[in-house]
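Structure first, then comments.
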Amino acid sequence: MRQIELLSPAKDFEAARAAVDHGADALYMGAARFGARRSAANSLEEVARAVEYAHQYGVRVHSTLNTVLYDEELDDAERLARELIGVGVDALIVQDMALLRMNLPIEMHASTQVGTIAPEQALFLEQCGFSRVILERALTLEDIRAIRAATSVELECFVHGAICVGYSGRCFLSRSTSNRSGNRGECSQPCRLPYDLKDERGRTIMAGRHLLSVRDLDLSGELEALIDAGVASFKIEGRLKDVRYIKNVVSHYRRALDEIIARRDDIVRSSVGRSVVEFEPDPQKSFTRGASQYMLYGKRAGVASFDTPKAVGEPIGRIGKLFPRAFMLEAKADLAPGDGVCIIAGGELFGTNINSVEGDKITPNRMDGIRAGAMVYRNYDHRFSLQLDRSRTTRTIDAKARVELSAEGVKLTMTDCEGVSVALQREVQLGMASDPQKMALTAQRQVAKSGGTIFSVVDVEVLGSELFAPASLLSDLRREALEELRQKRIDRKLQHRIQDDDGVARYPYAVVSRYENVTNHLAEEFYRAHGAQQIERALETKPTEGERVMVSSYCLRREIGQCLKERPTLKGELYIEHGAARYRLDFDCAACRMSLVDCGNTLQKR
């Protein structure tokens with residue numbers, strides 16, 4: 001039986017708790033250092049709190065140590081890794097192969113920053129000791145099937161949230177414009193900036209458009225196809241997102257996965273507990289640049305968001321009639337005071353709040369961009385946000401109780417849905433019950449009162465009801481038993497797949513390129529131990545001018561209808577520019593990939 005996991009981001013403990021409560025099977029969160037989202041760091045104490053809360057439900061916690069490391073950081077990185085192991089994290093998500101040389105007694109997951117796109121890469125990682133490979137976001141369903149066919153390693157893929165337009169861990173665009181590096185957890189997101197597209201003669205083809213900004217991922221309708229392709233873990237992006245996002249998106253995917261699991265007999269959920277939410281999940285009501293399947297069903301156009309890199313939200317309708325300080329939509333829509341809306345007009349994004357709604361007449365705070373025929377999107381639903389804030393979602397684990405009344409006293413046994421069990425006994429002299437049936441009902445009611453705990457006592461068996469036990473005694477036993485059961489769940493060891501690297505695997509390529517970012521002696525030792533003869537100096541450590549700073553399955557030519565395979569009218573070299581930064585676009589039509597080559601600072605050259 002294959003386990004299926006819903007994996008949620010956790011910015012901090014509050015986000016971790018919300019993710020668990022709303023149905024996550026696993027969490028990934030940053031530690032104090034060495035995470036690919038530096039602003040989502042957590043103290044060791046915060047991680048330990050998340051581990052304790054999560055382990056109650058069998059929810060795993062994966063810690064992100066997925067930046068590249070320098071030699072002077074190796075001792076600190078190993079110390080932190082061992083401290084994380086000490087507080088009970090279940091896996092480390094890593095990019096730098098130095099961590100494999102530290103003999104760490106924990107599951108190792110190959111981060112998406114490793115840039116796994118091919119079966120031979122995944123197989124090598126599996127043979128080197130990784131128990132899980134996190135796939136590049138740009139893979140097609142066929143790519144995933146090919147990797148599954150070549151390996152037995154667990155596969156994890158992103159199913160929701162922001163997409164890195166370049167292959168993760170192989171993008172140096174941020175470093176080419178600043179001292180901030182995505183491989184060091186400080187990406188400045190230059191892919192979300194506006195660019196001018198120019199030809200080789202310097203003529204402007206498109207001006208001020210967000211040419212590298214792609215829509216967000218939403219594969220909630222494709223989960224079963226991914227399960228059948230071999231994916232085990234479904235990952236939601238968003239370690240910088242707030243608790244509202246976590247509540248809504250996790251609940252949405254929990255519901256979708258539960259529907260699939262319920263009608264199949266070959267898969268099971270990897271954690272336990274029922275989450276009852278007090279709102280109707282809708283991912284369009286959380287941060288989104290517009291939904292996309294990206295490349296899952298092949299490389300295609302229509303995945304970019306040229307107008308804006310910001311959250312657009314859910315489409316509401318087009319503007320019809322205009323008033324001096326208000327407007328009407330062409331069709332009735334459920335807008336309300338306090339909602340945030342945006343309007344895209346003339347390639348520009350305008351945002352405002354709704355002050356009042358009187359019948360069909362909508363009065364915004366500002367009229368900028370509001371014109372007849374323009375599309376209105378709601379990027380903040382005030383009433384829905386209040387629902388999320390006020391919701392008191394609980395996650396409970398079913399348990400059964402057995403009450404035994406005898407001459408020796410009272411024995412209470414609590415057993416949860418996974419068979420974890422505790423038994424408490426009170427040696428007390430019991431008198432005869434005047435009404436055995438009433439005694440049985442009293443015992444059932446007292447022992448079933450599990451509110452305020454993580455359990456839901458769904459069945460109570462009472463034996464020996466001809467004897468009388470005080471309700472207060474039964475209540476005390478219930479409280480103690482449920483707390484002991486909770487602690488036993490926390491203390492038990494979850495199953496892990498800790499793999500050894502026996503050094504037998506051979507690196508599948510002739511050269512460890514500069515894009516693999518070997519930045520320390522342990523990573524170099526790793527590759528040499530696996531047969532590498534040549535290791536290039538990491539691009540992370542050198543100037544990027546003249547270098548390929550991004551590789552992507554996204555193709556700007558394809559996106560604007562100028563694919564080189566389809567007799568384009570736009571000939572010759574193409575460039576994109578933002579301020580002083582200039583990049584040549586290279587097109588590998590055989591692999592259907594686009595690269596950006598850093599042309600250097602154009603202002604310095606003039």
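Numbering starts fresh at 1 for the residues of each chain in the structure tokens, the chains themselves are lettered A, B, ... in the order given, and ligands are numbered from 1 as they appear.
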| request: Would you mind writing down, as a VMD selection string, each residue of stretch 342-373 of chain A that DSSP on the backbone assigns to strand (DSSP E)? | output: chain A and resid 342 to 345 348 to 358 361 to 364
| request: Find the residues near A:Arg402: any atom within 9 Å, counting only C-alpha atoms, skip ones fewer than 6 places away on the same chain, and give them as a list in words. | output: Lys411, Leu412, Thr413, Met414, Thr415, Asp459, Val460, Glu461, Val462 and Leu463 of chain A
Generate the output file for the selected residues, all heavy atoms, as a compact mmCIF listing (two decimals), in the first residue's frame.
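Generated file (result-v4.txt):
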```
# COMPACT_ATOMS: atom_id res chain seq x y z
N LYS A 411 -10.47 0.02 35.52
CA LYS A 411 -9.42 0.01 34.50
C LYS A 411 -9.96 0.67 33.24
O LYS A 411 -11.04 0.32 32.76
CB LYS A 411 -8.97 -1.41 34.20
CG LYS A 411 -7.83 -1.49 33.18
CD LYS A 411 -7.41 -2.93 32.92
CE LYS A 411 -6.29 -3.00 31.90
NZ LYS A 411 -5.89 -4.40 31.61
N LEU A 412 -9.20 1.63 32.71
CA LEU A 412 -9.59 2.31 31.48
C LEU A 412 -8.50 2.12 30.44
O LEU A 412 -7.33 2.45 30.68
CB LEU A 412 -9.81 3.81 31.73
CG LEU A 412 -10.08 4.67 30.49
CD1 LEU A 412 -11.35 4.23 29.76
CD2 LEU A 412 -10.18 6.15 30.88
N THR A 413 -8.88 1.58 29.30
CA THR A 413 -7.95 1.39 28.19
C THR A 413 -8.38 2.27 27.03
O THR A 413 -9.54 2.24 26.62
CB THR A 413 -7.92 -0.08 27.72
OG1 THR A 413 -7.61 -0.91 28.84
CG2 THR A 413 -6.90 -0.29 26.63
N MET A 414 -7.45 3.09 26.52
CA MET A 414 -7.70 3.94 25.36
C MET A 414 -6.82 3.46 24.21
O MET A 414 -5.60 3.32 24.38
CB MET A 414 -7.38 5.40 25.69
CG MET A 414 -8.38 6.08 26.59
SD MET A 414 -9.87 6.57 25.66
CE MET A 414 -10.66 7.61 26.92
N THR A 415 -7.43 3.26 23.04
CA THR A 415 -6.69 2.79 21.87
C THR A 415 -7.07 3.66 20.68
O THR A 415 -8.26 3.80 20.36
CB THR A 415 -7.02 1.33 21.55
OG1 THR A 415 -6.78 0.53 22.73
CG2 THR A 415 -6.17 0.82 20.41
N ASP A 459 -16.13 5.32 20.44
CA ASP A 459 -16.79 4.12 20.94
C ASP A 459 -16.30 3.84 22.35
O ASP A 459 -15.09 3.89 22.62
CB ASP A 459 -16.48 2.92 20.02
CG ASP A 459 -17.19 1.66 20.48
OD1 ASP A 459 -18.43 1.65 20.47
OD2 ASP A 459 -16.50 0.70 20.86
N VAL A 460 -17.24 3.56 23.27
CA VAL A 460 -16.90 3.25 24.65
C VAL A 460 -17.58 1.93 25.03
O VAL A 460 -18.82 1.82 24.98
CB VAL A 460 -17.33 4.35 25.63
CG1 VAL A 460 -16.95 3.98 27.06
CG2 VAL A 460 -16.72 5.70 25.24
N GLU A 461 -16.79 0.96 25.40
CA GLU A 461 -17.30 -0.33 25.86
C GLU A 461 -17.22 -0.35 27.39
O GLU A 461 -16.18 -0.01 27.96
CB GLU A 461 -16.48 -1.47 25.28
CG GLU A 461 -16.97 -2.85 25.69
CD GLU A 461 -16.06 -3.95 25.19
OE1 GLU A 461 -14.97 -3.65 24.66
OE2 GLU A 461 -16.46 -5.14 25.33
N VAL A 462 -18.30 -0.72 28.04
CA VAL A 462 -18.34 -0.76 29.51
C VAL A 462 -18.61 -2.19 29.97
O VAL A 462 -19.59 -2.82 29.55
CB VAL A 462 -19.42 0.19 30.06
CG1 VAL A 462 -19.43 0.13 31.60
CG2 VAL A 462 -19.19 1.62 29.58
N LEU A 463 -17.72 -2.68 30.80
CA LEU A 463 -17.88 -4.01 31.39
C LEU A 463 -18.02 -3.88 32.91
O LEU A 463 -17.33 -3.06 33.53
CB LEU A 463 -16.66 -4.89 31.07
CG LEU A 463 -16.35 -5.11 29.58
CD1 LEU A 463 -15.07 -5.92 29.43
CD2 LEU A 463 -17.50 -5.80 28.89
```
| message | Applying 8 Å and only C-alpha atoms, which residues near stretch 87-90 of chain A remain after dropping the ones on its own chain fewer than 6 positions away? List them as JSON, numbers by chain. | response | {"A": [44, 47, 48, 51, 60, 61, 62, 63, 106, 107, 496]}
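Distance check against A:Pro508 using only C-alpha atoms: of A:Val549, A:Ala336, A:Leu477, A:Ala532, the minimum falls on A:Ala532.
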| request: Give me every alpha helix (DSSP H) residue in stretch 171-333 of chain A, going by DSSP on the backbone, as an NGL selection string. | output: :A and (173-177 or 223-229 or 243-262)
| message | Between atom CA of A:Lys241 and atom CA of A:Asp76, what distance in Å does the model show, to one decimal? | response |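 Between atom CA of A:Lys241 and atom CA of A:Asp76 the gap works out to 27.7 Å.
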Closest atom pairs, stretch 103-178 of chain A residues within 12 Å of stretch 309-316 of chain A, only C-alpha atoms, as JSON lines:
```
{"residue": "A:Gly161", "atom": "CA", "partner": "A:Ala311", "partner_atom": "CA", "distance": 11.2}
{"residue": "A:Ala162", "atom": "CA", "partner": "A:Pro309", "partner_atom": "CA", "distance": 10.4}
{"residue": "A:Ile163", "atom": "CA", "partner": "A:Pro309", "partner_atom": "CA", "distance": 11.5}
```
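When only C-alpha atoms are used to measure the gap to A:Thr308, the shortest distance among A:Val341, A:Leu349, A:Leu296, A:Met97 belongs to A:Leu349.
Closest approach to A:Glu237 from the set A:Leu7, A:Met102, A:Leu65, A:Ile85 is made by A:Leu7, with distances taken over only C-alpha atoms.
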| field | Spatial neighbours of A:Phe234, max dist 9 Å, only C-alpha atoms, sep filter under 6 positions, as a list in words | value |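 Here the answer would be Ile4, Glu5, Leu6, Leu7, Ser8, Glu156, Cys157, Phe158, Val159, His160, Leu223, Leu226 and Tyr253 of chain A.
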Filtering to N, CA, C and O atoms, could you give me those residues as a PDB file, in the first residue's frame?
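Generated file (selection29.pdb):
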```
ATOM      1  N   ILE A   4       0.473   8.365   0.573  1.00  0.00           N
ATOM      2  CA  ILE A   4       0.379   9.638  -0.127  1.00  0.00           C
ATOM      3  C   ILE A   4       0.452  10.759   0.905  1.00  0.00           C
ATOM      4  O   ILE A   4      -0.242  10.737   1.918  1.00  0.00           O
ATOM      5  N   GLU A   5       1.267  11.751   0.609  1.00  0.00           N
ATOM      6  CA  GLU A   5       1.560  12.813   1.577  1.00  0.00           C
ATOM      7  C   GLU A   5       1.206  14.184   1.012  1.00  0.00           C
ATOM      8  O   GLU A   5       1.579  14.514  -0.114  1.00  0.00           O
ATOM      9  N   LEU A   6       0.501  14.973   1.813  1.00  0.00           N
ATOM     10  CA  LEU A   6       0.272  16.390   1.503  1.00  0.00           C
ATOM     11  C   LEU A   6       1.267  17.191   2.329  1.00  0.00           C
ATOM     12  O   LEU A   6       1.248  17.149   3.561  1.00  0.00           O
ATOM     13  N   LEU A   7       2.146  17.905   1.648  1.00  0.00           N
ATOM     14  CA  LEU A   7       3.276  18.585   2.281  1.00  0.00           C
ATOM     15  C   LEU A   7       3.058  20.096   2.249  1.00  0.00           C
ATOM     16  O   LEU A   7       2.929  20.697   1.179  1.00  0.00           O
ATOM     17  N   SER A   8       3.025  20.710   3.424  1.00  0.00           N
ATOM     18  CA  SER A   8       2.717  22.132   3.541  1.00  0.00           C
ATOM     19  C   SER A   8       3.932  22.935   3.978  1.00  0.00           C
ATOM     20  O   SER A   8       4.740  22.460   4.786  1.00  0.00           O
ATOM     21  N   GLU A 156       8.733  13.634  -4.959  1.00  0.00           N
ATOM     22  CA  GLU A 156       7.933  14.748  -4.435  1.00  0.00           C
ATOM     23  C   GLU A 156       7.850  15.801  -5.521  1.00  0.00           C
ATOM     24  O   GLU A 156       8.849  16.084  -6.202  1.00  0.00           O
ATOM     25  N   CYS A 157       6.685  16.409  -5.690  1.00  0.00           N
ATOM     26  CA  CYS A 157       6.584  17.485  -6.680  1.00  0.00           C
ATOM     27  C   CYS A 157       5.713  18.613  -6.145  1.00  0.00           C
ATOM     28  O   CYS A 157       4.831  18.408  -5.311  1.00  0.00           O
ATOM     29  N   PHE A 158       5.992  19.799  -6.624  1.00  0.00           N
ATOM     30  CA  PHE A 158       5.171  20.956  -6.291  1.00  0.00           C
ATOM     31  C   PHE A 158       3.848  20.867  -7.048  1.00  0.00           C
ATOM     32  O   PHE A 158       3.814  20.508  -8.231  1.00  0.00           O
ATOM     33  N   VAL A 159       2.769  21.205  -6.363  1.00  0.00           N
ATOM     34  CA  VAL A 159       1.457  21.197  -7.009  1.00  0.00           C
ATOM     35  C   VAL A 159       0.751  22.543  -6.909  1.00  0.00           C
ATOM     36  O   VAL A 159      -0.269  22.756  -7.561  1.00  0.00           O
ATOM     37  N   HIS A 160       1.288  23.458  -6.103  1.00  0.00           N
ATOM     38  CA  HIS A 160       0.590  24.733  -5.929  1.00  0.00           C
ATOM     39  C   HIS A 160       1.571  25.834  -5.544  1.00  0.00           C
ATOM     40  O   HIS A 160       2.491  25.609  -4.765  1.00  0.00           O
ATOM     41  N   LEU A 223      -4.143  15.709  -9.485  1.00  0.00           N
ATOM     42  CA  LEU A 223      -3.483  14.922  -8.448  1.00  0.00           C
ATOM     43  C   LEU A 223      -3.490  13.425  -8.758  1.00  0.00           C
ATOM     44  O   LEU A 223      -2.494  12.736  -8.531  1.00  0.00           O
ATOM     45  N   LEU A 226      -0.907  12.511 -11.268  1.00  0.00           N
ATOM     46  CA  LEU A 226       0.420  12.523 -10.655  1.00  0.00           C
ATOM     47  C   LEU A 226       0.635  11.304  -9.767  1.00  0.00           C
ATOM     48  O   LEU A 226       1.736  10.734  -9.732  1.00  0.00           O
ATOM     49  N   TYR A 253      -6.474  21.171  -0.833  1.00  0.00           N
ATOM     50  CA  TYR A 253      -5.776  19.977  -1.309  1.00  0.00           C
ATOM     51  C   TYR A 253      -6.082  18.752  -0.444  1.00  0.00           C
ATOM     52  O   TYR A 253      -6.115  17.622  -0.952  1.00  0.00           O
TER      53      TYR A 253
END
```
| From the list A:Gly35, A:Ala399, A:Glu480, A:Arg426, which residue is nearest A:Val272 when using only C-alpha atoms? | A:Ala399
